[in-house]
>>> print(open('upload-v3.csv').read())   # CSV, C-alpha atoms (C1' of nucleotides)
chain,number,residue,atom,x,y,z
A,257,MET,CA,4.9,18.7,10.0
A,258,LEU,CA,3.4,15.8,8.2
A,259,SER,CA,6.4,13.7,7.3
A,260,GLY,CA,4.3,11.3,5.3
A,261,LYS,CA,5.1,8.4,3.0
A,262,HIS,CA,3.0,6.1,5.1
A,263,THR,CA,6.0,4.0,6.1
A,264,HIS,CA,5.5,1.5,8.8
A,265,ASP,CA,8.7,1.4,10.7
A,266,ARG,CA,8.7,-2.3,11.3
A,267,ASP,CA,10.7,-4.7,9.3
A,268,LEU,CA,7.7,-6.6,8.1
A,269,THR,CA,5.2,-5.3,5.7
A,270,PRO,CA,1.5,-5.1,6.8
A,271,SER,CA,0.6,-8.1,4.8
A,272,GLN,CA,3.5,-10.1,6.1
A,273,GLU,CA,2.4,-9.3,9.6
A,274,HIS,CA,-1.1,-10.3,8.7
A,275,TYR,CA,0.0,-13.6,7.3
A,276,LEU,CA,2.0,-14.4,10.5
A,277,ARG,CA,-0.9,-13.6,12.7
A,278,ALA,CA,-3.3,-15.7,10.6
A,279,ILE,CA,-1.0,-18.7,10.7
A,280,TRP,CA,-0.7,-18.5,14.4
A,281,GLU,CA,-4.5,-18.1,14.9
A,282,LEU,CA,-5.3,-21.0,12.6
A,283,ARG,CA,-2.8,-23.2,14.3
A,284,SER,CA,-4.1,-22.2,17.8
A,285,LYS,CA,-7.7,-22.9,16.8
A,286,ARG,CA,-7.4,-26.0,14.5
A,287,GLY,CA,-4.0,-27.3,15.2
A,288,TYR,CA,-2.8,-26.9,11.6
A,289,ALA,CA,-2.7,-24.3,8.8
A,290,ARG,CA,-2.2,-25.1,5.2
A,291,LEU,CA,-1.7,-22.5,2.5
A,292,ALA,CA,-5.3,-23.0,1.3
A,293,ASP,CA,-6.7,-22.6,4.8
A,294,LEU,CA,-4.8,-19.4,5.2
A,295,GLY,CA,-6.2,-18.2,1.9
A,296,ARG,CA,-9.7,-18.8,2.9
A,297,ALA,CA,-9.2,-17.1,6.3
A,298,LEU,CA,-7.6,-14.0,4.7
A,299,GLU,CA,-9.8,-14.0,1.6
A,300,VAL,CA,-6.7,-14.1,-0.6
A,301,THR,CA,-5.9,-16.5,-3.4
A,302,PRO,CA,-3.4,-19.3,-2.9
A,303,ALA,CA,-1.3,-17.8,-5.6
A,304,THR,CA,-0.9,-14.6,-3.6
A,305,LEU,CA,0.2,-16.5,-0.6
A,306,SER,CA,2.5,-18.9,-2.4
A,307,VAL,CA,4.5,-15.9,-3.5
A,308,GLY,CA,3.8,-13.7,-0.4
A,309,LEU,CA,5.1,-16.3,2.1
A,310,ARG,CA,8.4,-16.7,0.4
A,311,PRO,CA,10.1,-13.8,2.1
A,312,LEU,CA,8.9,-15.0,5.4
A,313,GLU,CA,10.3,-18.5,4.7
A,314,ALA,CA,13.6,-16.9,3.5
A,315,ARG,CA,13.9,-15.0,6.7
A,316,GLY,CA,13.3,-18.1,8.8
A,317,LEU,CA,10.0,-17.1,10.2
A,318,VAL,CA,7.8,-19.6,8.5
A,319,ALA,CA,8.6,-23.2,7.5
A,320,HIS,CA,6.6,-26.2,6.3
A,321,ASP,CA,6.2,-29.8,7.1
A,322,ASP,CA,7.0,-32.7,4.8
A,323,GLN,CA,3.3,-32.6,4.2
A,324,ARG,CA,3.4,-28.9,3.5
A,325,PHE,CA,1.6,-27.9,6.7
A,326,LEU,CA,2.8,-24.4,7.6
A,327,LEU,CA,4.9,-24.0,10.7
A,328,LEU,CA,6.1,-21.0,12.6
A,329,THR,CA,9.7,-21.0,13.8
A,330,PRO,CA,10.2,-19.6,17.3
A,331,ALA,CA,11.1,-16.2,15.8
A,332,GLY,CA,8.1,-16.4,13.6
A,333,GLU,CA,5.8,-17.3,16.5
A,334,ARG,CA,7.2,-14.5,18.6
A,335,LEU,CA,6.3,-11.9,15.9
A,336,ALA,CA,2.9,-13.5,15.3
A,337,ARG,CA,2.1,-13.2,18.9
A,338,GLU,CA,3.1,-9.6,19.0
A,339,VAL,CA,0.8,-8.8,16.1
A,340,HIS,CA,-2.0,-10.8,17.6
A,341,HIS,CA,-1.5,-8.9,20.9
A,342,ARG,CA,-1.8,-5.6,19.1
A,343,TYR,CA,-4.9,-6.8,17.4
A,344,VAL,CA,-6.6,-8.0,20.5
A,345,VAL,CA,-5.8,-4.9,22.4
A,346,LEU,CA,-7.1,-2.6,19.7
A,347,ARG,CA,-10.3,-4.7,19.2
A,348,SER,CA,-11.0,-4.7,22.9
A,349,PHE,CA,-10.5,-1.0,23.2
A,350,LEU,CA,-12.7,-0.2,20.2
A,351,HIS,CA,-15.5,-2.5,21.2
A,352,ASP,CA,-15.4,-2.8,25.0
A,353,VAL,CA,-14.5,0.8,25.8
A,354,LEU,CA,-15.7,2.9,22.8
A,355,ARG,CA,-18.6,0.7,22.1
A,356,VAL,CA,-17.9,0.6,18.4
A,357,PRO,CA,-20.0,-2.3,16.9
A,358,GLU,CA,-18.1,-5.6,17.0
A,359,ALA,CA,-17.7,-6.0,13.2
A,360,THR,CA,-16.4,-2.5,12.8
A,361,ALA,CA,-14.0,-2.9,15.7
A,362,GLU,CA,-12.6,-6.1,14.3
A,363,HIS,CA,-12.2,-4.6,10.8
A,364,GLU,CA,-10.5,-1.5,12.1
A,365,ALA,CA,-8.3,-3.3,14.5
A,366,CYS,CA,-7.1,-5.4,11.5
A,367,LEU,CA,-6.0,-2.2,9.7
A,368,ILE,CA,-4.6,-0.3,12.7
A,369,GLU,CA,-2.6,-3.3,14.1
A,370,HIS,CA,0.2,-2.6,11.6
A,371,ASP,CA,0.5,1.1,12.5
A,372,VAL,CA,0.5,1.3,16.3
A,373,SER,CA,3.8,1.3,18.1
A,374,GLY,CA,4.6,-0.9,21.1
A,375,THR,CA,4.4,2.1,23.3
A,376,THR,CA,0.9,3.0,22.2
A,377,THR,CA,-0.2,-0.6,22.5
A,378,GLU,CA,1.0,-0.8,26.1
A,379,ARG,CA,-0.7,2.5,27.0
A,380,ILE,CA,-3.9,1.1,25.8
A,381,VAL,CA,-3.3,-2.1,27.8
A,382,ASP,CA,-2.7,0.1,30.8
A,383,PHE,CA,-6.0,1.8,30.1
A,384,LEU,CA,-7.9,-1.4,29.8
A,385,LYS,CA,-6.4,-2.9,32.9
A,386,LEU,CA,-7.1,0.2,34.9
A,387,LEU,CA,-10.7,0.2,34.0
A,388,GLU,CA,-10.9,-3.5,34.9
A,389,GLN,CA,-9.1,-3.3,38.1
A,390,ASP,CA,-10.3,-0.1,39.5
A,391,ARG,CA,-14.0,-0.8,39.9
A,392,GLU,CA,-14.9,2.7,41.1
A,393,LEU,CA,-13.3,4.4,38.1
A,394,GLY,CA,-14.5,1.7,35.7
A,395,ASP,CA,-18.1,1.9,36.7
A,396,LEU,CA,-18.1,5.7,36.8
A,397,PHE,CA,-16.5,5.9,33.4
A,398,ARG,CA,-18.9,3.5,31.8
A,399,ALA,CA,-22.0,5.2,33.2
A,400,ARG,CA,-20.9,8.7,32.3
A,401,PHE,CA,-19.7,7.7,28.8
A,402,ASP,CA,-22.9,5.9,28.2
A,403,ALA,CA,-25.0,8.9,29.2
A,404,PHE,CA,-22.8,11.3,27.4
A,405,HIS,CA,-23.0,9.2,24.2
A,406,ARG,CA,-26.8,9.1,24.4
A,407,SER,CA,-27.2,12.8,25.0
A,408,CYS,CA,-24.6,14.1,22.6
A,409,GLY,CA,-22.8,11.7,20.4
A,410,GLN,CA,-25.5,9.9,18.5
A,411,THR,CA,-26.8,12.6,16.3
A,412,ARG,CA,-23.5,14.4,15.7
A,413,ALA,CA,-25.5,17.5,16.2
A,414,CYS,CA,-23.4,19.1,18.9
A,415,THR,CA,-21.3,21.1,16.5
A,416,ASP,CA,-20.4,23.7,19.0
A,417,CYS,CA,-20.0,21.7,22.2
A,418,GLY,CA,-17.0,23.8,23.1
A,419,LEU,CA,-14.0,21.9,21.8
A,420,ALA,CA,-13.2,24.0,18.8
A,421,CYS,CA,-10.6,21.7,17.3
A,422,LEU,CA,-12.6,18.6,17.8
A,423,THR,CA,-15.7,19.8,16.2
A,424,PRO,CA,-16.6,17.7,13.3
A,425,PRO,CA,-16.4,19.5,10.0
A,426,PRO,CA,-19.7,20.9,8.7
A,427,ARG,CA,-21.8,18.6,6.6
B,175,MET,CA,-12.5,-14.3,10.6
B,176,LEU,CA,-9.8,-12.0,9.3
B,177,SER,CA,-11.3,-10.8,6.1
B,178,GLY,CA,-8.1,-9.0,5.1
B,179,LYS,CA,-6.9,-7.4,2.0
B,180,HIS,CA,-6.3,-4.1,3.8
B,181,THR,CA,-8.9,-2.3,1.9
B,182,HIS,CA,-9.9,1.1,3.1
B,183,ASP,CA,-13.5,1.5,2.4
B,184,ARG,CA,-13.4,5.1,1.5
B,185,ASP,CA,-13.4,6.3,-2.1
B,186,LEU,CA,-10.0,8.1,-1.7
B,187,THR,CA,-6.7,6.3,-1.3
B,188,PRO,CA,-4.7,6.9,1.8
B,189,SER,CA,-2.2,9.1,-0.1
B,190,GLN,CA,-5.0,11.1,-1.7
B,191,GLU,CA,-6.5,11.8,1.7
B,192,HIS,CA,-3.1,12.9,2.9
B,193,TYR,CA,-2.6,15.2,-0.1
B,194,LEU,CA,-6.0,16.9,0.6
B,195,ARG,CA,-5.2,17.4,4.2
B,196,ALA,CA,-1.8,18.8,3.5
B,197,ILE,CA,-3.2,21.3,1.0
B,198,TRP,CA,-5.8,22.4,3.5
B,199,GLU,CA,-3.3,22.7,6.3
B,200,LEU,CA,-0.8,24.6,4.2
B,201,ARG,CA,-3.5,27.0,3.0
B,202,SER,CA,-4.8,27.5,6.5
B,203,LYS,CA,-1.3,28.3,7.8
B,204,ARG,CA,0.3,30.2,5.0
B,205,GLY,CA,-2.5,31.2,2.8
B,206,TYR,CA,-1.3,29.3,-0.2
B,207,ALA,CA,0.0,25.9,-1.3
B,208,ARG,CA,2.1,25.2,-4.4
B,209,LEU,CA,3.0,21.7,-5.5
B,210,ALA,CA,6.6,22.2,-4.2
B,211,ASP,CA,5.4,23.4,-0.8
B,212,LEU,CA,3.2,20.3,-0.6
B,213,GLY,CA,6.2,18.1,-1.5
B,214,ARG,CA,8.3,19.6,1.2
B,215,ALA,CA,5.6,19.2,3.8
B,216,LEU,CA,4.9,15.6,2.8
B,217,GLU,CA,8.5,14.6,2.1
B,218,VAL,CA,7.6,13.5,-1.4
B,219,THR,CA,9.0,14.6,-4.7
B,220,PRO,CA,7.2,17.0,-7.0
B,221,ALA,CA,7.1,14.3,-9.6
B,222,THR,CA,5.0,12.1,-7.3
B,223,LEU,CA,2.6,14.9,-6.6
B,224,SER,CA,2.3,16.0,-10.2
B,225,VAL,CA,1.0,12.6,-11.1
B,226,GLY,CA,-0.7,11.9,-7.7
B,227,LEU,CA,-2.9,15.0,-7.7
B,228,ARG,CA,-4.2,14.3,-11.2
B,229,PRO,CA,-7.1,12.0,-10.0
B,230,LEU,CA,-8.0,14.6,-7.4
B,231,GLU,CA,-8.2,17.3,-10.1
B,232,ALA,CA,-10.1,15.0,-12.4
B,233,ARG,CA,-12.7,14.4,-9.6
B,234,GLY,CA,-13.1,18.1,-9.0
B,235,LEU,CA,-11.6,18.1,-5.6
B,236,VAL,CA,-8.4,20.1,-6.3
B,237,ALA,CA,-7.9,22.9,-8.8
B,238,HIS,CA,-5.3,25.5,-9.5
B,239,ASP,CA,-4.9,29.1,-10.0
B,240,ASP,CA,-3.6,30.8,-13.2
B,241,GLN,CA,-0.4,31.0,-11.2
B,242,ARG,CA,-0.5,27.3,-10.4
B,243,PHE,CA,-1.4,27.8,-6.8
B,244,LEU,CA,-3.4,24.9,-5.5
B,245,LEU,CA,-7.0,25.3,-4.6
B,246,LEU,CA,-9.5,23.1,-2.9
B,247,THR,CA,-13.0,23.1,-4.4
B,248,PRO,CA,-15.9,23.1,-1.8
B,249,ALA,CA,-16.1,19.3,-2.1
B,250,GLY,CA,-12.3,19.0,-1.8
B,251,GLU,CA,-12.3,21.2,1.3
B,252,ARG,CA,-15.1,19.3,2.9
B,253,LEU,CA,-13.1,16.0,2.5
B,254,ALA,CA,-9.8,17.7,3.6
B,255,ARG,CA,-11.5,18.9,6.8
B,256,GLU,CA,-12.8,15.5,7.5
B,257,VAL,CA,-9.4,14.0,7.2
B,258,HIS,CA,-7.9,16.8,9.3
B,259,HIS,CA,-10.6,16.2,11.9
B,260,ARG,CA,-9.8,12.5,12.2
B,261,TYR,CA,-6.1,13.4,12.5
B,262,VAL,CA,-6.6,15.9,15.2
B,263,VAL,CA,-8.8,13.7,17.2
B,264,LEU,CA,-6.4,10.8,17.0
B,265,ARG,CA,-3.4,12.9,17.9
B,266,SER,CA,-5.2,14.4,20.8
B,267,PHE,CA,-6.3,11.0,22.1
B,268,LEU,CA,-2.9,9.5,21.8
B,269,HIS,CA,-1.0,12.4,23.3
B,270,ASP,CA,-3.4,14.0,25.7
B,271,VAL,CA,-5.0,10.9,27.1
B,272,LEU,CA,-2.7,8.0,26.6
B,273,ARG,CA,0.4,10.3,27.1
B,274,VAL,CA,2.2,8.9,24.1
B,275,PRO,CA,5.1,11.2,23.2
B,276,GLU,CA,4.1,14.0,20.9
B,277,ALA,CA,6.2,12.9,17.9
B,278,THR,CA,4.9,9.3,18.2
B,279,ALA,CA,1.4,10.5,18.5
B,280,GLU,CA,1.6,12.6,15.4
B,281,HIS,CA,3.3,9.9,13.4
B,282,GLU,CA,0.8,7.3,14.3
B,283,ALA,CA,-2.2,9.6,13.8
B,284,CYS,CA,-0.9,10.2,10.3
B,285,LEU,CA,-1.1,6.5,9.6
B,286,ILE,CA,-4.3,5.7,11.4
B,287,GLU,CA,-6.3,8.6,10.1
B,288,HIS,CA,-7.0,6.7,6.9
B,289,ASP,CA,-8.3,3.6,8.7
B,290,VAL,CA,-10.7,4.8,11.3
B,291,SER,CA,-14.4,5.1,10.5
B,292,GLY,CA,-16.5,8.1,11.2
B,293,THR,CA,-18.2,6.1,14.0
B,294,THR,CA,-14.9,5.4,15.8
B,295,THR,CA,-13.8,9.0,15.4
B,296,GLU,CA,-17.0,10.3,16.9
B,297,ARG,CA,-16.7,7.9,19.8
B,298,ILE,CA,-13.2,9.2,20.5
B,299,VAL,CA,-14.5,12.8,20.3
B,300,ASP,CA,-17.2,11.9,22.8
B,301,PHE,CA,-14.5,10.5,25.0
B,302,LEU,CA,-12.4,13.6,24.8
B,303,LYS,CA,-15.3,15.9,25.4
B,304,LEU,CA,-16.4,13.9,28.3
B,305,LEU,CA,-13.0,14.1,30.0
B,306,GLU,CA,-12.9,17.8,29.4
B,307,GLN,CA,-16.5,18.6,30.5
B,308,ASP,CA,-16.8,16.3,33.4
B,309,ARG,CA,-14.1,17.6,35.8
B,310,GLU,CA,-14.8,15.0,38.4
B,311,LEU,CA,-14.3,12.1,36.0
B,312,GLY,CA,-11.5,13.8,34.1
B,313,ASP,CA,-9.4,14.5,37.2
B,314,LEU,CA,-10.0,11.1,38.6
B,315,PHE,CA,-9.1,9.4,35.4
B,316,ARG,CA,-5.9,11.4,34.9
B,317,ALA,CA,-4.8,10.8,38.4
B,318,ARG,CA,-5.4,7.1,38.4
B,319,PHE,CA,-4.0,6.5,34.9
B,320,ASP,CA,-0.9,8.4,35.9
B,321,ALA,CA,-0.4,6.4,39.0
B,322,PHE,CA,-1.2,3.1,37.2
B,323,HIS,CA,1.2,3.9,34.5
B,324,ARG,CA,4.0,4.6,36.9
B,325,SER,CA,3.4,1.5,38.9
B,326,CYS,CA,2.8,-1.0,36.1
B,327,GLY,CA,3.1,0.2,32.6
B,328,GLN,CA,6.6,1.6,32.4
B,329,THR,CA,8.6,-1.6,32.6
B,330,ARG,CA,6.3,-3.9,30.8
B,331,ALA,CA,7.1,-6.2,33.6
B,332,CYS,CA,3.6,-7.0,34.7
B,333,THR,CA,3.2,-10.0,32.4
B,334,ASP,CA,0.6,-11.7,34.6
B,335,CYS,CA,-1.5,-8.8,35.8
B,336,GLY,CA,-4.6,-10.8,35.4
B,337,LEU,CA,-5.8,-9.9,31.9
B,338,ALA,CA,-4.8,-13.1,30.1
B,339,CYS,CA,-5.6,-11.9,26.6
B,340,LEU,CA,-4.0,-8.6,27.1
B,341,THR,CA,-0.7,-10.0,28.4
B,342,PRO,CA,2.1,-8.9,26.1
B,343,PRO,CA,3.7,-11.8,24.4
B,344,PRO,CA,6.8,-13.2,26.1
B,345,ARG,CA,10.1,-11.6,25.1
C,63,DG,C1',-7.1,-47.4,-14.7
C,64,DA,C1',-9.8,-43.1,-16.0
C,65,DT,C1',-12.1,-39.2,-13.4
C,66,DG,C1',-12.6,-35.5,-10.6
C,67,DT,C1',-11.2,-32.8,-6.4
C,68,DT,C1',-8.0,-30.3,-3.7
C,69,DA,C1',-3.4,-28.3,-3.0
C,70,DG,C1',0.2,-25.7,-4.6
C,71,DT,C1',3.0,-23.5,-8.3
C,72,DT,C1',4.3,-20.3,-12.1
C,73,DA,C1',3.4,-16.7,-15.5
C,74,DG,C1',1.5,-12.5,-16.7
C,75,DG,C1',-1.2,-8.5,-15.6
C,76,DG,C1',-2.8,-4.4,-12.9
C,77,DT,C1',-3.0,-0.7,-9.2
C,78,DG,C1',-1.0,2.3,-5.7
C,79,DC,C1',2.8,4.9,-4.6
C,80,DC,C1',7.2,6.3,-4.6
C,81,DC,C1',11.8,7.4,-7.0
C,82,DT,C1',15.6,9.6,-10.4
C,83,DA,C1',16.7,11.8,-14.6
C,84,DA,C1',15.8,14.9,-18.2
C,85,DC,C1',13.4,18.7,-19.9
C,86,DG,C1',10.6,23.1,-20.4
C,87,DT,C1',9.0,27.5,-18.3
C,88,DT,C1',9.1,31.4,-15.4
C,89,DA,C1',11.2,34.8,-12.5
C,90,DG,C1',15.0,37.3,-10.5
C,91,DG,C1',19.8,39.0,-9.9
C,92,DT,C1',23.5,41.2,-12.0
D,227,DA,C1',20.5,40.2,-22.1
D,228,DC,C1',22.2,36.3,-19.6
D,229,DC,C1',22.5,33.0,-16.0
D,230,DT,C1',20.6,30.8,-12.3
D,231,DA,C1',17.1,29.0,-9.3
D,232,DA,C1',12.8,27.3,-8.6
D,233,DC,C1',8.7,25.2,-10.3
D,234,DG,C1',6.3,21.7,-12.7
D,235,DT,C1',6.1,18.0,-16.2
D,236,DT,C1',7.1,13.5,-18.6
D,237,DA,C1',9.4,9.1,-19.0
D,238,DG,C1',11.1,5.1,-17.1
D,239,DG,C1',11.9,2.1,-13.1
D,240,DG,C1',10.8,-0.4,-8.7
D,241,DC,C1',8.4,-2.5,-4.8
D,242,DA,C1',4.1,-4.2,-2.3
D,243,DC,C1',0.1,-6.5,-3.1
D,244,DC,C1',-3.5,-8.5,-5.4
D,245,DC,C1',-5.7,-11.1,-9.4
D,246,DT,C1',-6.7,-14.8,-13.2
D,247,DA,C1',-5.3,-18.6,-16.0
D,248,DA,C1',-2.8,-22.6,-16.8
D,249,DC,C1',-0.3,-25.9,-15.1
D,250,DT,C1',1.5,-30.3,-11.8
D,251,DA,C1',1.1,-33.6,-7.9
D,252,DA,C1',-1.6,-36.3,-4.7
D,253,DC,C1',-5.7,-38.4,-3.7
D,254,DA,C1',-10.1,-40.9,-3.3
D,255,DT,C1',-13.8,-43.1,-5.9
D,256,DC,C1',-16.0,-45.7,-9.0
>>> encode(input="upload-v3.csv", output="structure tokens")
Amino acid sequence: MLSGKHTHDRDLTPSQEHYLRAIWELRSKRGYARLADLGRALEVTPATLSVGLRPLEARGLVAHDDQRFLLLTPAGERLAREVHHRYVVLRSFLHDVLRVPEATAEHEACLIEHDVSGTTTERIVDFLKLLEQDRELGDLFRARFDAFHRSCGQTRACTDCGLACLTPPPR
Amino acid sequence: MLSGKHTHDRDLTPSQEHYLRAIWELRSKRGYARLADLGRALEVTPATLSVGLRPLEARGLVAHDDQRFLLLTPAGERLAREVHHRYVVLRSFLHDVLRVPEATAEHEACLIEHDVSGTTTERIVDFLKLLEQDRELGDLFRARFDAFHRSCGQTRACTDCGLACLTPPPR
DNA sequence: GATGTTAGTTAGGGTGCCCTAACGTTAGGT
DNA sequence: ACCTAACGTTAGGGCACCCTAACTAACATC
């Protein structure tokens, strides 16, 4: 039924995935990434990263320069790009489709990126591509969703719109 | 940029939310919930729950019978229903719209339910309601999404469909 | 060459969340 | 009355993740 334990069934922990993505994004943007840069980007102390990157180095995903600039091995880069891909897809869906405010979308995408499977990610990609490629459907959807949101969603007042299970709990 | 730390900005931890939801669901389904029942449902040992429920009791969200049957206070039930609502909405979206297999949808909804904001949840509710109430849009969407999925999504082969940022990373 | 900044490390501490092992209490089955 | 099973608790341990404090190493600047 619930089958909990909050286990992510990837072989990297959420933080490790986050570290990989941040290294990749920093290197893409500035060309380099040192431990301190990473710390500033992730709002985490260098001490945390110094220890936290160790398993990634041990597994041959992250390495460093003679000057201690961080490097991604091919395997590390592949994983980093996967995480980044999940992040971008989620952020785009939340912001561009659901119209969640940008800051919220980015924040939640950061959290959710570690939980969604490849399958789910690809379904969302399909969804985004469909809306983009099929102008008729895309325009119709955006117009109707917009109108619907204005008439119903904003106030959360429609407690009995018809969908019993989806009715928000009473305040 | 990233602003990480994986902090959920609710005042309950993910596990605590999970416990509340499970109590509520067990009580809805069987009329009662003991600690051991909860443990079986959540796949967690009684020892974990015995300690883990303490903060919820201290905060007046969970209580127990003279027979040690677990009870939700009004405040606890309100929170439990909120978590359940997020869960149901996510599961429905993943399964009914994105067509993610049911087991996957349930598993991921369990994880994501602790990360999505109320705003995002309500946007998804709007989305689901819109598809249900607007037959024209709903039917069109389902037909096109289905066709699109068959032609493009299944193999993940469409690496250069046009959406640069959404292209899955190379294998 | 002393000074101060920046980078990275180690040591020690704390929280969340889970486990096993050992123990008491309560309720049936015979 | 006795044994067993099921329930719940405590004690002790472990992992993931973060912190502060106290170093060392490299560096520019005066």
>>> closest_residue(input="upload-v3.csv", among="A:Lys385, A:Leu294, A:Thr304, A:Leu282", to="chain D", atoms="all atoms listed in the file")
A:Thr304
>>> interface_residues(input="upload-v3.csv", of="chain B", to="chain D", cutoff="10 Å", atoms="all atoms listed in the file", output="list in words")
Lys179, His180, Arg208, Leu209, Ala210, Pro220, Ala221, Leu223, Ser224, Val225 and Arg242 of chain B
>>> closest_residue(input="upload-v3.csv", among="A:His264, A:Asp293, A:Thr329, A:Thr269", to="chain C", atoms="only C-alpha atoms (C1' of nucleotides)")
A:Asp293
>>> atom_distance(input="upload-v3.csv", atom1="CA of Glu280 (chain B)", atom2="CA of Leu264 (chain B)")
8.4 Å
>>> atom_distance(input="upload-v3.csv", atom1="CA of Phe349 (chain A)", atom2="CA of Thr294 (chain B)")
10.7 Å
>>> atom_distance(input="upload-v3.csv", atom1="CA of Leu186 (chain B)", atom2="CA of Glu364 (chain A)")
16.8 Å
>>> residues_around(input="upload-v3.csv", residues="Leu328 (chain A)", least_positions_apart="6", cutoff="10 Å", atoms="only C-alpha atoms (C1' of nucleotides)", output="PyMOL selection string")
chain A and resi 276+279-280+283+312-313+316-320+334-336
>>> write_last_selection(input="upload-v3.csv", atoms="C-alpha atoms", output="mmCIF file, in the frame of the given file")
data_model
loop_
_atom_site.group_PDB
_atom_site.id
_atom_site.type_symbol
_atom_site.label_atom_id
_atom_site.label_comp_id
_atom_site.auth_asym_id
_atom_site.auth_seq_id
_atom_site.Cartn_x
_atom_site.Cartn_y
_atom_site.Cartn_z
ATOM 1 C CA LEU A 276 2.000 -14.400 10.500
ATOM 2 C CA ILE A 279 -1.000 -18.700 10.700
ATOM 3 C CA TRP A 280 -0.700 -18.500 14.400
ATOM 4 C CA ARG A 283 -2.800 -23.200 14.300
ATOM 5 C CA LEU A 312 8.900 -15.000 5.400
ATOM 6 C CA GLU A 313 10.300 -18.500 4.700
ATOM 7 C CA GLY A 316 13.300 -18.100 8.800
ATOM 8 C CA LEU A 317 10.000 -17.100 10.200
ATOM 9 C CA VAL A 318 7.800 -19.600 8.500
ATOM 10 C CA ALA A 319 8.600 -23.200 7.500
ATOM 11 C CA HIS A 320 6.600 -26.200 6.300
ATOM 12 C CA ARG A 334 7.200 -14.500 18.600
ATOM 13 C CA LEU A 335 6.300 -11.900 15.900
ATOM 14 C CA ALA A 336 2.900 -13.500 15.300
#
>>> closest_residue(input="upload-v3.csv", among="A:Gly287, A:Gly332, A:Arg315, A:Phe325", to="chain C", atoms="all atoms listed in the file")
A:Phe325
>>> interface_residues(input="upload-v3.csv", of="chain C", to="chain A", cutoff="12 Å", atoms="all atoms listed in the file", output="PyMOL selection string")
chain C and resi 68-73+79-80
